[in-house]
Amino acid sequence: MSEPQRMTQPDQEAFVAGISKCPTGIRGLDEITDGGLPLGRPTLVAGAAGCGKTLIAMEFIVRGARDFDEPGVFMAFEESAGELIANVTSLGFALDTLIDQGRVAIDCVEIERSEIEETGDYDLEGLFVRLGSAIAEVGARRVALDGLDALFAAIPSEAILRGELRRLFRWLKAQGVSAVITAERGEKTLTRHGLEEYVSDCVIFLDHRVSNQVATRRLRIYKYRGSRHGTNEYPILIDEQGFSVMPISSVGLDHRVSRERVSSGIAELDEMLGGRGYYKGSSILVSGTSGAGKTSLAIALADSICRQGGRCLHWSSEESPDQILRNMASIGFDLATHLQSGRLHCHAVRPTLYGLENHLVRLHKLVGSVRPDAVILDPITSFTAIGEPLEVRIMLTRIIDFLKGAEITALFTGLTQGTDPTAWERTDEGVSSLIDTWLLLRMANVKGTRRRLIDVLKSRGMAHSHQARELLIEDSGISLIDLPSNLREPAA
Amino acid sequence: MTAIRLPPSTHEPPPPDSRSEERHNPGTRPCDSSAPAYVLTLYVASLTPRSVIAIQSVKEVCERHLQGQYSLEVVDIYEQPSAAKREQIVAAPTLIKRLPLPLRRLIGDMADTQRVLVGLDLKARDDISNPLV
């Protein structure tokens with residue numbers, strides 16, 4: 001061979017022109033597929049039962065008709081129309097309205113194998129006629145065939161069925177519709193009946209795993225011919241708003257950085273931080289022993305953001321909003337006003353309730369709906385209860401990347417253990433290297449009195465104080481004072 | 001024995017299906033005014049050679065075994081796609097036996113007469129699985 005193997009003509013064209021995409025409208029999926037599913041071509045979605053295959057197919061159709069003016073046909077091979085409508089209505093999709101408006105057509109294929117007697121040669125023209133007529137009825141640009149492999153249980157002759165499936169996929173391409181076909185996953189093959197053999201353009205794999213007794217669904221683009229796509233496994237979340245895929249790890253290090261500052265809410269602390277507080281969009285870690293004032297410091301930032309007309313998302317994994325409200329009112333923070341004005345949004349959830357990935361997706365969605373200027377995670381330490389240290393670190397990295405990318409100031413609190421001063425400057429989560437500003441709170445027993453001390457361990461991009469100060473938490477609020485010289489510790 | 005055996009050349013109507021409660025065909029001549037005992041619809045996808053074979057085969061079987069006591073309607077699903085959806089037609093050709101119950105769907109070109117007879121409950125399934133009978 002004198003020349004290296006060239007790409008075949010169609011591949012080359014796709015590579016040069018970039019293939020056209022059909023946006024799904026499903027949060028996150030269009031990002032990791034670089035714009036959507038292949039336009040005018042079939043996509044196979046494979047996965048075990050309960051992974052959300054039907055939902056992804058249905059969202060593709062409903063969002064297409066509703067958001068992209070692309071009418072669609074949903075052909076179900078496993079569920080009845082009534083079941084389908086009921087299932088998606090609970091997810092906030094008015095499927096019946098779209099059907100009444102003639103923008104979505106539904107056909108449920110029900111075959112009772114016991115009724116069937118094979119008497120000779122046949123084809124599946126009935127299926128083609130039904131699909132063709134439904135496509136014509138609504139002028140469909142999209143088609144979903146949900147649970148297509150159920151036909152293998154219904155049609156006696158596998159040879160005929162396979163021939164007809166091959167014809168069906170060719171026919172779908174000739175119709176120019178973008179199609180999603182779902183099928184059950186197999187033991188050794190991707191799908192139980194090897195449907196991947198017929199769909200070569202795009203294959204998506206859904207998975208459902210349980211670790212630490214917490215279930216997480218994940219999505220992976222198995223292949224996508226002629227297109228750039230993310231190759232990771234992405235967590236997915238199914239909730240009252242449908243399906244979301246979490247593409248956070250796709251965020252790079254190229255986010256814009258701000259020179260704007262945000263007040264910490266404590267004048268003396270701003271003073272320690274180059275005189276002007278935290279950087280907007282930076283990540284702040286407040287670590288310290290139990291009772292050292294981490295939450296109070298976090299709330300001070302929240303209060304400051306809200307007072308300046310911004311919005312703050314407070315994600316609490318240990319205390320309920322009521323408890324925080326009461327405790328913070330006792331030191332002069334009127335959070336109730338901020339809650340009423342909608343500037344402060346509290347989200348309290350036990351970490352163990354969901355898997356790490358689900359927390360990530362939920363945070364992503366909350367940030368999308370609340371659009372906060374600052375996010376507080378109090379504390380991040382509790383996530384170690386539900387994941388391996390490496391997983392927790394990956395999740396926190398994703399959160400930090402994501403919030404930085406969105407120019408949202410992020411404050412995390414972390415619990416440090418023990419009395420060994422060298423341990424204080426370590427974080428179990430190992431995220432300190434990702435943090436821009438790191439404040440350490442500790443209790444010091446100085447001449448019989450327990451005092452709260454605060455240090456700025458680091459603060460990137462600003463001249464900050466290296467002097468420990470005493471943190472006073474009083475009815476009137478939080479303030480810092482210089483330690484009297486006779487109380488200063490010998491340098492650690 | 002519940003199996004109903006039909007002598008291949010007889011033109012007599014079959015005895016009533018033992019599983020059916022129907023009594024309106026006492027086994028002599030078909031009732032002139034009442035509904036036919038066998039209600040059949042054949043769904044074909046246009047007049048392909050396969051469709052033509054199926055129509056001919058079904059007519060032959062009916063004339064031979066059900067003369068005078070059946071109704072047969074032929075529907076082209078290309079002309080009536082809504083019927084294909086309503087009647088859950090997937091394969092073509094499909095012959096639906098609505099009456100007598102139970103409902104049966106015979107798919108294929110009906111070239112296998114023995115299976116057509118089984119599908120119409122005119123012949124027991126055992127007779128096919130054991131070719132020596």
# chains A, B, ... in the order shown; residues from 1 in each chain; ligands from 1

$ interface_residues --of "chain A" --to "chain B" --cutoff "8 Å" --atoms "only C-alpha atoms" --output "list in words"
Asp107, Val109, Glu110, Ile111, Glu115, Ile116, Glu117, Glu118, Thr119, Gly120, Asp121, Tyr122, Asp123, Leu124, Glu125, Gly126, Leu127, Val129, Arg130 and Ser133 of chain A

$ write_last_selection --atoms "C-alpha atoms" --output "JSON list (two decimals), in the first residue's frame"
[["chain", "number", "residue", "atom", "x", "y", "z"],
["A", 107, "ASP", "CA", -49.76, 4.16, 18.10],
["A", 109, "VAL", "CA", -48.63, -2.02, 18.93],
["A", 110, "GLU", "CA", -50.13, -4.85, 20.91],
["A", 111, "ILE", "CA", -49.59, -8.38, 19.75],
["A", 115, "GLU", "CA", -53.64, -15.50, 19.05],
["A", 116, "ILE", "CA", -51.22, -15.90, 16.18],
["A", 117, "GLU", "CA", -51.02, -18.79, 13.77],
["A", 118, "GLU", "CA", -48.35, -18.68, 11.09],
["A", 119, "THR", "CA", -49.67, -19.93, 7.77],
["A", 120, "GLY", "CA", -46.95, -19.09, 5.30],
["A", 121, "ASP", "CA", -44.82, -16.26, 4.09],
["A", 122, "TYR", "CA", -45.53, -12.72, 5.30],
["A", 123, "ASP", "CA", -43.99, -9.34, 5.89],
["A", 124, "LEU", "CA", -44.56, -6.58, 8.45],
["A", 125, "GLU", "CA", -46.21, -4.22, 6.03],
["A", 126, "GLY", "CA", -48.91, -3.56, 8.63],
["A", 127, "LEU", "CA", -46.29, -1.85, 10.77],
["A", 129, "VAL", "CA", -48.57, 1.24, 6.92],
["A", 130, "ARG", "CA", -49.36, 2.30, 10.47],
["A", 133, "SER", "CA", -49.97, 6.90, 8.08]]

$ residues_around --residues "Leu457 (chain A)" --least-positions-apart "4" --cutoff "9 Å" --atoms "only C-alpha atoms" --output "MDAnalysis selection string"
chainID A and resid 425 437:440 466

$ write_last_selection --atoms "C-alpha atoms" --output "PDB file, in the first residue's frame"
ATOM      1  CA  GLU A 425      -4.792  22.189  57.498  1.00  0.00           C
ATOM      2  CA  THR A 437      -9.721  31.180  49.373  1.00  0.00           C
ATOM      3  CA  TRP A 438      -9.321  28.935  52.367  1.00  0.00           C
ATOM      4  CA  LEU A 439     -10.327  30.042  55.828  1.00  0.00           C
ATOM      5  CA  LEU A 440      -9.524  27.940  58.855  1.00  0.00           C
ATOM      6  CA  HIS A 466      -1.395  36.136  57.759  1.00  0.00           C
TER       7      HIS A 466
END

$ atom_distance --atom1 "CA of His464 (chain A)" --atom2 "CA of Glu268 (chain A)"
11.9 Å

$ select_by_dssp --residues "region 214-373 of chain A" --states "alpha helix (DSSP H)" --output "ChimeraX atom specification"
/A:267-272,294-307,321-329,335-341,356-370

$ atom_distance --atom1 "CA of Thr191 (chain A)" --atom2 "CA of Thr216 (chain A)"
20.4 Å

$ closest_residue --among "A:Arg218, A:Arg450, A:His193, A:Arg142" --to "Leu161 (chain A)" --atoms "only C-alpha atoms"
A:His193

$ atom_distance --atom1 "CA of Leu269 (chain A)" --atom2 "CA of Leu415 (chain A)"
20.2 Å

$ residues_around --residues "Arg162 (chain A)" --least-positions-apart "5" --cutoff "10 Å" --atoms "only C-alpha atoms" --output "list of chain:residue names"
A:Phe152, A:Ser157, A:Arg167, A:Leu168, A:His193, A:Gly194, A:Leu195, A:Tyr198

$ closest_residue --among "A:Met328, A:Val203, A:Leu237, A:Leu483" --to "Ser296 (chain A)" --atoms "only C-alpha atoms"
A:Met328

$ select_by_dssp --residues "region 132-324 of chain A" --states "strand (DSSP E)" --output "PyMOL selection string"
chain A and resi 142-146+178-184+202-211+214-224+233-239+242-245+261-262+278-279+283-288+312-316
